[in-house]
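upload_29.pdb follows (PDB, C-alpha atoms):
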```
ATOM      1  CA  MET A   1    -101.034-242.355  64.918  1.00  0.00           C
ATOM      2  CA  LEU A   2    -102.422-245.809  64.146  1.00  0.00           C
ATOM      3  CA  TYR A   3    -103.141-246.898  60.574  1.00  0.00           C
ATOM      4  CA  SER A   4    -106.886-246.796  61.274  1.00  0.00           C
ATOM      5  CA  GLU A   5    -106.558-243.218  62.553  1.00  0.00           C
ATOM      6  CA  PHE A   6    -104.401-242.224  59.604  1.00  0.00           C
ATOM      7  CA  THR A   7    -106.873-243.548  57.046  1.00  0.00           C
ATOM      8  CA  TYR A   8    -109.789-242.047  58.973  1.00  0.00           C
ATOM      9  CA  ASN A   9    -108.209-238.591  58.788  1.00  0.00           C
ATOM     10  CA  PHE A  10    -107.001-238.768  55.191  1.00  0.00           C
ATOM     11  CA  SER A  11    -109.523-241.315  53.793  1.00  0.00           C
ATOM     12  CA  PRO A  12    -108.885-244.962  52.868  1.00  0.00           C
ATOM     13  CA  ALA A  13    -109.294-244.202  49.162  1.00  0.00           C
ATOM     14  CA  ARG A  14    -106.387-241.746  49.295  1.00  0.00           C
ATOM     15  CA  ILE A  15    -104.067-243.674  51.599  1.00  0.00           C
ATOM     16  CA  THR A  16    -104.494-247.120  50.035  1.00  0.00           C
ATOM     17  CA  ARG A  17    -102.493-246.038  46.992  1.00  0.00           C
ATOM     18  CA  TYR A  18     -99.559-245.021  49.212  1.00  0.00           C
ATOM     19  CA  TYR A  19     -99.913-248.161  51.332  1.00  0.00           C
ATOM     20  CA  ASN A  20     -99.841-250.486  48.332  1.00  0.00           C
ATOM     21  CA  ALA A  21     -96.918-248.642  46.715  1.00  0.00           C
ATOM     22  CA  THR A  22     -94.817-249.032  49.874  1.00  0.00           C
ATOM     23  CA  GLY A  23     -95.400-252.776  50.222  1.00  0.00           C
ATOM     24  CA  ASN A  24     -98.048-252.367  52.925  1.00  0.00           C
ATOM     25  CA  LEU A  25     -95.562-250.821  55.333  1.00  0.00           C
ATOM     26  CA  PHE A  26     -97.378-248.243  57.443  1.00  0.00           C
ATOM     27  CA  ASP A  27     -94.308-246.285  58.579  1.00  0.00           C
ATOM     28  CA  LYS A  28     -93.125-245.998  54.979  1.00  0.00           C
ATOM     29  CA  THR A  29     -96.644-245.009  53.926  1.00  0.00           C
ATOM     30  CA  LYS A  30     -96.616-242.061  56.335  1.00  0.00           C
ATOM     31  CA  ARG A  31     -93.148-240.997  55.196  1.00  0.00           C
ATOM     32  CA  LEU A  32     -94.169-241.139  51.530  1.00  0.00           C
ATOM     33  CA  TYR A  33     -97.329-239.148  52.201  1.00  0.00           C
ATOM     34  CA  ILE A  34     -95.328-236.440  53.985  1.00  0.00           C
ATOM     35  CA  ALA A  35     -92.692-236.497  51.227  1.00  0.00           C
ATOM     36  CA  ASN A  36     -95.419-235.925  48.645  1.00  0.00           C
ATOM     37  CA  LEU A  37     -96.646-232.906  50.631  1.00  0.00           C
ATOM     38  CA  ARG A  38     -93.110-231.542  50.822  1.00  0.00           C
ATOM     39  CA  ILE A  39     -92.645-231.860  47.074  1.00  0.00           C
ATOM     40  CA  SER A  40     -95.922-230.039  46.479  1.00  0.00           C
ATOM     41  CA  GLN A  41     -94.887-227.380  48.984  1.00  0.00           C
ATOM     42  CA  SER A  42     -91.526-226.892  47.262  1.00  0.00           C
ATOM     43  CA  PHE A  43     -93.218-226.017  43.965  1.00  0.00           C
ATOM     44  CA  HIS A  44     -95.436-223.225  45.306  1.00  0.00           C
ATOM     45  CA  PRO A  45     -92.833-220.409  45.345  1.00  0.00           C
ATOM     46  CA  LEU A  46     -91.773-221.116  41.761  1.00  0.00           C
ATOM     47  CA  LEU A  47     -95.378-221.366  40.596  1.00  0.00           C
ATOM     48  CA  GLY A  48     -96.102-218.036  42.261  1.00  0.00           C
ATOM     49  CA  VAL A  49     -93.190-216.377  40.480  1.00  0.00           C
ATOM     50  CA  ILE A  50     -94.047-217.802  37.070  1.00  0.00           C
ATOM     51  CA  GLU A  51     -97.710-216.785  37.333  1.00  0.00           C
ATOM     52  CA  VAL A  52     -96.965-213.201  38.344  1.00  0.00           C
ATOM     53  CA  VAL A  53     -94.224-212.644  35.757  1.00  0.00           C
ATOM     54  CA  LEU A  54     -96.183-214.323  32.953  1.00  0.00           C
ATOM     55  CA  ARG A  55     -99.338-212.288  33.500  1.00  0.00           C
ATOM     56  CA  ASN A  56     -97.449-209.013  33.964  1.00  0.00           C
ATOM     57  CA  ARG A  57     -95.485-209.487  30.757  1.00  0.00           C
ATOM     58  CA  LEU A  58     -98.558-210.518  28.779  1.00  0.00           C
ATOM     59  CA  ASN A  59    -100.488-207.558  30.132  1.00  0.00           C
ATOM     60  CA  GLU A  60     -97.752-205.127  29.049  1.00  0.00           C
ATOM     61  CA  ILE A  61     -97.455-206.681  25.596  1.00  0.00           C
ATOM     62  CA  LEU A  62    -101.215-206.488  25.045  1.00  0.00           C
ATOM     63  CA  ILE A  63    -101.509-202.948  26.394  1.00  0.00           C
ATOM     64  CA  ALA A  64     -99.040-201.986  23.656  1.00  0.00           C
ATOM     65  CA  HIS A  65    -100.760-204.152  21.043  1.00  0.00           C
ATOM     66  CA  PHE A  66    -104.187-202.596  21.624  1.00  0.00           C
ATOM     67  CA  SER A  67    -102.846-199.152  22.631  1.00  0.00           C
ATOM     68  CA  ASP A  68    -105.224-199.514  25.555  1.00  0.00           C
ATOM     69  CA  SER A  69    -104.374-199.835  29.244  1.00  0.00           C
ATOM     70  CA  ASN A  70    -107.928-201.143  29.761  1.00  0.00           C
ATOM     71  CA  TRP A  71    -107.697-203.838  27.094  1.00  0.00           C
ATOM     72  CA  ILE A  72    -108.508-206.610  29.557  1.00  0.00           C
ATOM     73  CA  ILE A  73    -111.932-205.054  30.120  1.00  0.00           C
ATOM     74  CA  ASN A  74    -112.594-203.559  26.694  1.00  0.00           C
ATOM     75  CA  GLN A  75    -111.628-206.671  24.730  1.00  0.00           C
ATOM     76  CA  LYS A  76    -114.644-208.538  26.066  1.00  0.00           C
ATOM     77  CA  LYS A  77    -116.323-207.021  23.011  1.00  0.00           C
ATOM     78  CA  GLY A  78    -113.184-207.313  20.897  1.00  0.00           C
ATOM     79  CA  PHE A  79    -111.144-210.402  20.131  1.00  0.00           C
ATOM     80  CA  MET A  80    -112.645-212.307  23.088  1.00  0.00           C
ATOM     81  CA  SER A  81    -116.021-212.214  21.312  1.00  0.00           C
ATOM     82  CA  ASN A  82    -114.735-213.255  17.890  1.00  0.00           C
ATOM     83  CA  SER A  83    -116.959-215.907  16.315  1.00  0.00           C
ATOM     84  CA  VAL A  84    -114.004-218.274  15.809  1.00  0.00           C
ATOM     85  CA  LEU A  85    -113.961-218.707  19.600  1.00  0.00           C
ATOM     86  CA  SER A  86    -117.481-220.095  19.827  1.00  0.00           C
ATOM     87  CA  GLY A  87    -116.024-223.607  20.014  1.00  0.00           C
ATOM     88  CA  ASN A  88    -114.335-222.859  23.324  1.00  0.00           C
ATOM     89  CA  ASN A  89    -117.445-221.112  24.691  1.00  0.00           C
ATOM     90  CA  TYR A  90    -115.707-217.740  24.803  1.00  0.00           C
ATOM     91  CA  TYR A  91    -113.567-218.875  27.717  1.00  0.00           C
ATOM     92  CA  LEU A  92    -111.582-215.638  28.120  1.00  0.00           C
ATOM     93  CA  LYS A  93    -114.632-213.387  27.990  1.00  0.00           C
ATOM     94  CA  ASN A  94    -116.435-215.545  30.532  1.00  0.00           C
ATOM     95  CA  GLN A  95    -113.481-215.386  32.895  1.00  0.00           C
ATOM     96  CA  ILE A  96    -113.570-211.583  32.708  1.00  0.00           C
ATOM     97  CA  LEU A  97    -117.333-211.551  33.303  1.00  0.00           C
ATOM     98  CA  ASN A  98    -116.938-213.879  36.292  1.00  0.00           C
ATOM     99  CA  ALA A  99    -114.223-211.639  37.727  1.00  0.00           C
ATOM    100  CA  GLU A 100    -116.424-208.572  37.274  1.00  0.00           C
ATOM    101  CA  ASN A 101    -119.368-210.308  38.936  1.00  0.00           C
ATOM    102  CA  LYS A 102    -117.214-211.260  41.905  1.00  0.00           C
ATOM    103  CA  LEU A 103    -115.950-207.696  42.308  1.00  0.00           C
ATOM    104  CA  ASN A 104    -119.470-206.312  41.995  1.00  0.00           C
ATOM    105  CA  LYS A 105    -120.667-208.728  44.669  1.00  0.00           C
ATOM    106  CA  TYR A 106    -118.293-207.135  47.166  1.00  0.00           C
ATOM    107  CA  PHE A 107    -118.781-203.594  45.852  1.00  0.00           C
ATOM    108  CA  ILE A 108    -115.161-203.419  44.686  1.00  0.00           C
ATOM    109  CA  PRO A 109    -114.544-200.925  41.842  1.00  0.00           C
ATOM    110  CA  ILE A 110    -113.750-202.668  38.559  1.00  0.00           C
ATOM    111  CA  THR A 111    -110.296-201.739  37.324  1.00  0.00           C
ATOM    112  CA  PRO A 112    -107.816-203.602  35.103  1.00  0.00           C
ATOM    113  CA  GLY A 113    -105.636-204.329  38.142  1.00  0.00           C
ATOM    114  CA  LYS A 114    -108.530-205.781  40.128  1.00  0.00           C
ATOM    115  CA  ILE A 115    -109.638-207.909  37.177  1.00  0.00           C
ATOM    116  CA  ILE A 116    -106.107-209.244  36.654  1.00  0.00           C
ATOM    117  CA  GLY A 117    -105.937-210.140  40.332  1.00  0.00           C
ATOM    118  CA  GLU A 118    -109.057-212.288  39.992  1.00  0.00           C
ATOM    119  CA  LEU A 119    -108.074-214.169  36.845  1.00  0.00           C
ATOM    120  CA  THR A 120    -106.839-217.737  36.953  1.00  0.00           C
ATOM    121  CA  PHE A 121    -103.524-218.962  35.607  1.00  0.00           C
ATOM    122  CA  SER A 122    -105.412-220.704  32.800  1.00  0.00           C
ATOM    123  CA  PHE A 123    -106.609-217.349  31.436  1.00  0.00           C
ATOM    124  CA  TRP A 124    -103.025-216.432  30.598  1.00  0.00           C
ATOM    125  CA  THR A 125    -101.984-219.847  29.313  1.00  0.00           C
ATOM    126  CA  GLU A 126    -105.015-219.831  27.002  1.00  0.00           C
ATOM    127  CA  LEU A 127    -103.486-216.899  25.122  1.00  0.00           C
ATOM    128  CA  PHE A 128    -101.014-219.372  23.635  1.00  0.00           C
ATOM    129  CA  GLU A 129    -103.723-221.602  22.204  1.00  0.00           C
ATOM    130  CA  ILE A 130    -103.720-221.250  18.442  1.00  0.00           C
ATOM    131  CA  TYR A 131    -107.160-219.620  18.115  1.00  0.00           C
ATOM    132  CA  HIS A 132    -106.383-216.859  20.626  1.00  0.00           C
ATOM    133  CA  TYR A 133    -102.786-216.570  19.467  1.00  0.00           C
ATOM    134  CA  ARG A 134    -103.826-215.853  15.877  1.00  0.00           C
ATOM    135  CA  LEU A 135    -106.379-213.256  16.929  1.00  0.00           C
ATOM    136  CA  LEU A 136    -103.590-211.531  18.849  1.00  0.00           C
ATOM    137  CA  SER A 137    -101.268-211.562  15.808  1.00  0.00           C
ATOM    138  CA  GLY A 138     -98.788-213.751  17.658  1.00  0.00           C
ATOM    139  CA  LYS A 139     -97.997-211.047  20.212  1.00  0.00           C
ATOM    140  CA  PRO A 140     -97.931-213.348  23.298  1.00  0.00           C
ATOM    141  CA  ILE A 141     -94.663-214.963  22.235  1.00  0.00           C
ATOM    142  CA  GLN A 142     -92.945-211.599  22.471  1.00  0.00           C
ATOM    143  CA  ILE A 143     -92.853-211.882  26.258  1.00  0.00           C
ATOM    144  CA  PHE A 144     -90.021-214.390  25.821  1.00  0.00           C
ATOM    145  CA  SER A 145     -87.005-212.168  25.324  1.00  0.00           C
ATOM    146  CA  SER A 146     -84.551-215.088  25.487  1.00  0.00           C
ATOM    147  CA  LEU A 147     -86.424-217.682  23.482  1.00  0.00           C
ATOM    148  CA  PRO A 148     -84.231-220.141  21.527  1.00  0.00           C
ATOM    149  CA  THR A 149     -84.872-219.946  17.790  1.00  0.00           C
ATOM    150  CA  ASN A 150     -86.083-223.552  17.649  1.00  0.00           C
ATOM    151  CA  ILE A 151     -88.834-223.016  20.234  1.00  0.00           C
ATOM    152  CA  LYS A 152     -92.219-222.032  18.833  1.00  0.00           C
ATOM    153  CA  ARG A 153     -95.708-221.331  20.144  1.00  0.00           C
ATOM    154  CA  LYS A 154     -96.721-224.988  20.233  1.00  0.00           C
ATOM    155  CA  GLN A 155     -93.962-226.029  22.625  1.00  0.00           C
ATOM    156  CA  ILE A 156     -94.551-223.003  24.846  1.00  0.00           C
ATOM    157  CA  SER A 157     -98.228-223.895  25.017  1.00  0.00           C
ATOM    158  CA  MET A 158     -97.370-227.508  25.901  1.00  0.00           C
ATOM    159  CA  GLU A 159     -94.960-226.421  28.640  1.00  0.00           C
ATOM    160  CA  LEU A 160     -97.562-224.069  30.124  1.00  0.00           C
ATOM    161  CA  LYS A 161    -100.253-226.770  30.022  1.00  0.00           C
ATOM    162  CA  THR A 162     -97.929-229.145  31.844  1.00  0.00           C
ATOM    163  CA  ILE A 163     -97.315-226.546  34.536  1.00  0.00           C
ATOM    164  CA  ARG A 164    -100.993-225.618  34.836  1.00  0.00           C
ATOM    165  CA  LYS A 165    -102.163-229.224  35.204  1.00  0.00           C
ATOM    166  CA  PHE A 166     -99.522-229.921  37.838  1.00  0.00           C
ATOM    167  CA  ARG A 167    -100.440-226.706  39.672  1.00  0.00           C
ATOM    168  CA  ASN A 168    -104.061-227.840  39.764  1.00  0.00           C
ATOM    169  CA  ARG A 169    -103.036-231.237  41.139  1.00  0.00           C
ATOM    170  CA  ILE A 170    -101.101-229.862  44.077  1.00  0.00           C
ATOM    171  CA  ASN A 171    -103.767-227.224  44.770  1.00  0.00           C
ATOM    172  CA  HIS A 172    -106.277-230.060  45.105  1.00  0.00           C
ATOM    173  CA  ASN A 173    -103.920-232.170  47.231  1.00  0.00           C
ATOM    174  CA  GLU A 174    -103.514-234.836  44.572  1.00  0.00           C
ATOM    175  CA  PRO A 175    -100.386-237.035  44.682  1.00  0.00           C
ATOM    176  CA  VAL A 176     -97.409-236.155  42.480  1.00  0.00           C
ATOM    177  CA  CYS A 177     -95.232-239.132  43.404  1.00  0.00           C
ATOM    178  CA  PHE A 178     -96.776-241.916  41.322  1.00  0.00           C
ATOM    179  CA  ASN A 179     -96.760-243.392  37.863  1.00  0.00           C
ATOM    180  CA  GLY A 180     -99.699-245.735  37.928  1.00  0.00           C
ATOM    181  CA  SER A 181     -99.268-247.772  41.112  1.00  0.00           C
ATOM    182  CA  SER A 182     -95.512-247.255  41.362  1.00  0.00           C
ATOM    183  CA  ILE A 183     -93.595-244.557  43.218  1.00  0.00           C
ATOM    184  CA  ASP A 184     -92.177-242.328  40.513  1.00  0.00           C
ATOM    185  CA  PHE A 185     -91.051-238.701  40.406  1.00  0.00           C
ATOM    186  CA  THR A 186     -90.641-238.374  36.648  1.00  0.00           C
ATOM    187  CA  SER A 187     -93.694-236.141  36.272  1.00  0.00           C
ATOM    188  CA  ALA A 188     -92.534-233.777  39.018  1.00  0.00           C
ATOM    189  CA  ASN A 189     -89.094-233.556  37.434  1.00  0.00           C
ATOM    190  CA  GLU A 190     -90.617-232.807  34.022  1.00  0.00           C
ATOM    191  CA  VAL A 191     -92.761-230.032  35.461  1.00  0.00           C
ATOM    192  CA  TYR A 192     -89.735-228.556  37.181  1.00  0.00           C
ATOM    193  CA  THR A 193     -87.902-228.522  33.843  1.00  0.00           C
ATOM    194  CA  SER A 194     -90.873-226.779  32.216  1.00  0.00           C
ATOM    195  CA  ILE A 195     -90.925-224.123  34.934  1.00  0.00           C
ATOM    196  CA  ILE A 196     -87.208-223.441  34.573  1.00  0.00           C
ATOM    197  CA  ASN A 197     -87.591-223.275  30.786  1.00  0.00           C
ATOM    198  CA  ILE A 198     -90.421-220.739  30.922  1.00  0.00           C
ATOM    199  CA  LEU A 199     -88.656-218.575  33.506  1.00  0.00           C
ATOM    200  CA  ASN A 200     -85.391-218.680  31.586  1.00  0.00           C
ATOM    201  CA  TRP A 201     -87.064-217.855  28.265  1.00  0.00           C
ATOM    202  CA  MET A 202     -88.813-214.859  29.807  1.00  0.00           C
ATOM    203  CA  GLU A 203     -85.835-213.566  31.769  1.00  0.00           C
ATOM    204  CA  PRO A 204     -82.629-215.529  32.509  1.00  0.00           C
ATOM    205  CA  LYS A 205     -82.040-213.381  35.614  1.00  0.00           C
ATOM    206  CA  LEU A 206     -85.111-214.980  37.176  1.00  0.00           C
ATOM    207  CA  ILE A 207     -83.187-218.228  37.679  1.00  0.00           C
ATOM    208  CA  PRO A 208     -80.609-216.862  40.155  1.00  0.00           C
ATOM    209  CA  PHE A 209     -83.401-214.794  41.717  1.00  0.00           C
ATOM    210  CA  THR A 210     -85.408-217.949  42.498  1.00  0.00           C
ATOM    211  CA  ASN A 211     -82.429-220.023  43.689  1.00  0.00           C
ATOM    212  CA  PRO A 212     -82.958-219.120  47.385  1.00  0.00           C
ATOM    213  CA  ILE A 213     -86.590-220.345  47.229  1.00  0.00           C
ATOM    214  CA  ASP A 214     -86.032-223.342  44.956  1.00  0.00           C
ATOM    215  CA  PHE A 215     -86.070-226.553  47.018  1.00  0.00           C
ATOM    216  CA  VAL A 216     -87.711-228.812  44.433  1.00  0.00           C
ATOM    217  CA  ASN A 217     -84.687-230.999  43.692  1.00  0.00           C
ATOM    218  CA  LEU A 218     -83.944-231.371  47.391  1.00  0.00           C
ATOM    219  CA  ALA A 219     -87.529-232.394  48.163  1.00  0.00           C
ATOM    220  CA  ILE A 220     -87.522-234.967  45.362  1.00  0.00           C
ATOM    221  CA  SER A 221     -84.098-236.302  46.359  1.00  0.00           C
ATOM    222  CA  ASP A 222     -85.242-236.753  49.960  1.00  0.00           C
ATOM    223  CA  ALA A 223     -88.398-238.546  48.792  1.00  0.00           C
ATOM    224  CA  GLN A 224     -86.356-240.961  46.685  1.00  0.00           C
ATOM    225  CA  LEU A 225     -84.596-242.176  49.840  1.00  0.00           C
ATOM    226  CA  ILE A 226     -87.822-243.547  51.284  1.00  0.00           C
TER
END
```

Mind turning this structure into structure tokens?
Amino acid sequence: MLYSEFTYNFSPARITRYYNATGNLFDKTKRLYIANLRISQSFHPLLGVIEVVLRNRLNEILIAHFSDSNWIINQKKGFMSNSVLSGNNYYLKNQILNAENKLNKYFIPITPGKIIGELTFSFWTELFEIYHYRLLSGKPIQIFSSLPTNIKRKQISMELKTIRKFRNRINHNEPVCFNGSSIDFTSANEVYTSIINILNWMEPKLIPFTNPIDFVNLAISDAQLI
């Protein structure tokens, strides 16, 4: 594939950054672009695990807190409508309403399980924001059965935000191999650390479980050889 063909397929605006970072070497540009895709690919299994475990644990904790297996539907008129949340435009409630509208559109019965399946990762990470966290009497932190004593809500929230933002980047095919105009994998390494932290704090046994699907360090190491 010629450089003109490469930029035509992937757009000059996207490829120029790779081209400049590799000293205008086309072969190296292609290798870096592929390496970036491989790094993004390597994160997907871990992100899938963390999202499923996080939401399942939060759901169980809040079922117990509200003594209601349908809390995710019923709390639209509960804490999700509290006036203190007006500043964030009732984000959680609106996500539930959007999920219900989507299910209704396809004539799918509305159940807690179906709603949970439609919710974004950000719905669950929002529960660690201080305004939601207080309304929930601090219950979300109880999903972390192995949390070090020095780790509090604020750091958990920061770790989850880091993961969520990175997840959004790779889902939108944005590069994860730069710091400004330079090739740099610091951000990817930091996100990996955050993922391992969250998994370990929830359940240490998740780390050996994910070992067979964890190729992040290998993907980053290979990219650093370019």

> So which residues get picked by the PyMOL selection byres ((chain A and resi 59-69) around 8) here, written as number ranges by chain?
Replying inline: A: 55-58, 70-72, 112, 139-140, 142-143

With a distance cut-off of 7 Å and all atoms listed in the file, select the neighbouring residues of Tyr18 (chain A), excluding the residue or stretch itself and same-chain residues fewer than 3 positions from it, and output the selection as a short mmCIF file (atom, residue, chain, number, x, y, z; two decimals) with C-alpha atoms, in the coordinates of the input.
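Final output, result13.cif:
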```cif
data_model
loop_
_atom_site.label_atom_id
_atom_site.label_comp_id
_atom_site.auth_asym_id
_atom_site.auth_seq_id
_atom_site.Cartn_x
_atom_site.Cartn_y
_atom_site.Cartn_z
CA ILE A 15 -104.07 -243.67 51.60
CA ALA A 21 -96.92 -248.64 46.72
CA THR A 22 -94.82 -249.03 49.87
CA THR A 29 -96.64 -245.01 53.93
CA TYR A 33 -97.33 -239.15 52.20
#
```

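Here the question is which of A:Ile196, A:Val52, A:Cys177, A:Met202 gets nearest to Arg17 (chain A) using only C-alpha atoms, and that residue is A:Cys177.
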
Compile the contact shell of Ile50 (chain A) as a PDB file with C-alpha atoms, in the frame of the given file: residues with an atom at most 9 Å away, counting only C-alpha atoms, same-chain residues fewer than 6 positions apart removed.
```pdb
ATOM      1  CA  ILE A 195     -90.925-224.123  34.934  1.00  0.00           C
ATOM      2  CA  ILE A 198     -90.421-220.739  30.922  1.00  0.00           C
ATOM      3  CA  LEU A 199     -88.656-218.575  33.506  1.00  0.00           C
TER       4      LEU A 199
END
```

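Between CA of Pro175 (chain A) and CA of Glu5 (chain A) there is a distance of 19.9 Å.
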
>> Applying 9 Å and only C-alpha atoms, which residues near Arg153 (chain A) remain after dropping the ones on its own chain fewer than 2 positions away? List them as JSON, numbers by chain.
In response: {"A": [128, 129, 130, 133, 138, 140, 141, 151, 155, 156, 157, 158]}

For the residues in that selection, give me C-alpha atoms as a tab-separated table (two decimals), in the coordinates of the input.
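The result, written out as part_0.tsv:
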```tsv
chain	number	residue	atom	x	y	z
A	128	PHE	CA	-101.01	-219.37	23.64
A	129	GLU	CA	-103.72	-221.60	22.20
A	130	ILE	CA	-103.72	-221.25	18.44
A	133	TYR	CA	-102.79	-216.57	19.47
A	138	GLY	CA	-98.79	-213.75	17.66
A	140	PRO	CA	-97.93	-213.35	23.30
A	141	ILE	CA	-94.66	-214.96	22.24
A	151	ILE	CA	-88.83	-223.02	20.23
A	155	GLN	CA	-93.96	-226.03	22.62
A	156	ILE	CA	-94.55	-223.00	24.85
A	157	SER	CA	-98.23	-223.90	25.02
A	158	MET	CA	-97.37	-227.51	25.90
```

> Hey, can you check how far CA of Glu51 (chain A) sits from CA of Asn189 (chain A)?
Replying inline: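 Here the two named atoms are 18.9 Å from each other.
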
> Residues at most 12 Å from Ile183 (chain A), counting only C-alpha atoms, excluding those fewer than 3 positions away in the same chain, as a PyMOL selection string?
Replying inline: chain A and resi 17-23+28-29+32-33+35-36+175-180+186-188+220+223-226

> How many Å separate CA of Phe43 (chain A) from CA of Val216 (chain A)?
Replying inline: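 These atoms are spaced 6.2 Å apart.
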
Calculate, to one decimal in Å, the centre and edge lengths of the box along x, y and z of the file that holds all listed atoms of region 182-187 of chain A with 4 Å of margin on each side, and present them as lines of an AutoDock Vina configuration file.
```
center_x = -93.1
center_y = -241.7
center_z = 39.7
size_x = 12.9
size_y = 19.1
size_z = 14.9
```

>> I need the residue nearest His172 (chain A) from this list: A:Asn150, A:Ser40, A:Ser11, A:Thr16. Use only C-alpha atoms for the distance.
In response: A:Ser40

> Of the candidates A:Lys205, A:Lys105, A:Arg164, A:Lys154, which shows the shortest atom-to-atom distance to Trp124 (chain A), using all atoms listed in the file?
Replying inline: A:Arg164

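When only C-alpha atoms are used to measure the gap to Val191 (chain A), the shortest distance among A:Phe26, A:Phe166, A:Tyr3, A:Phe209 belongs to A:Phe166.
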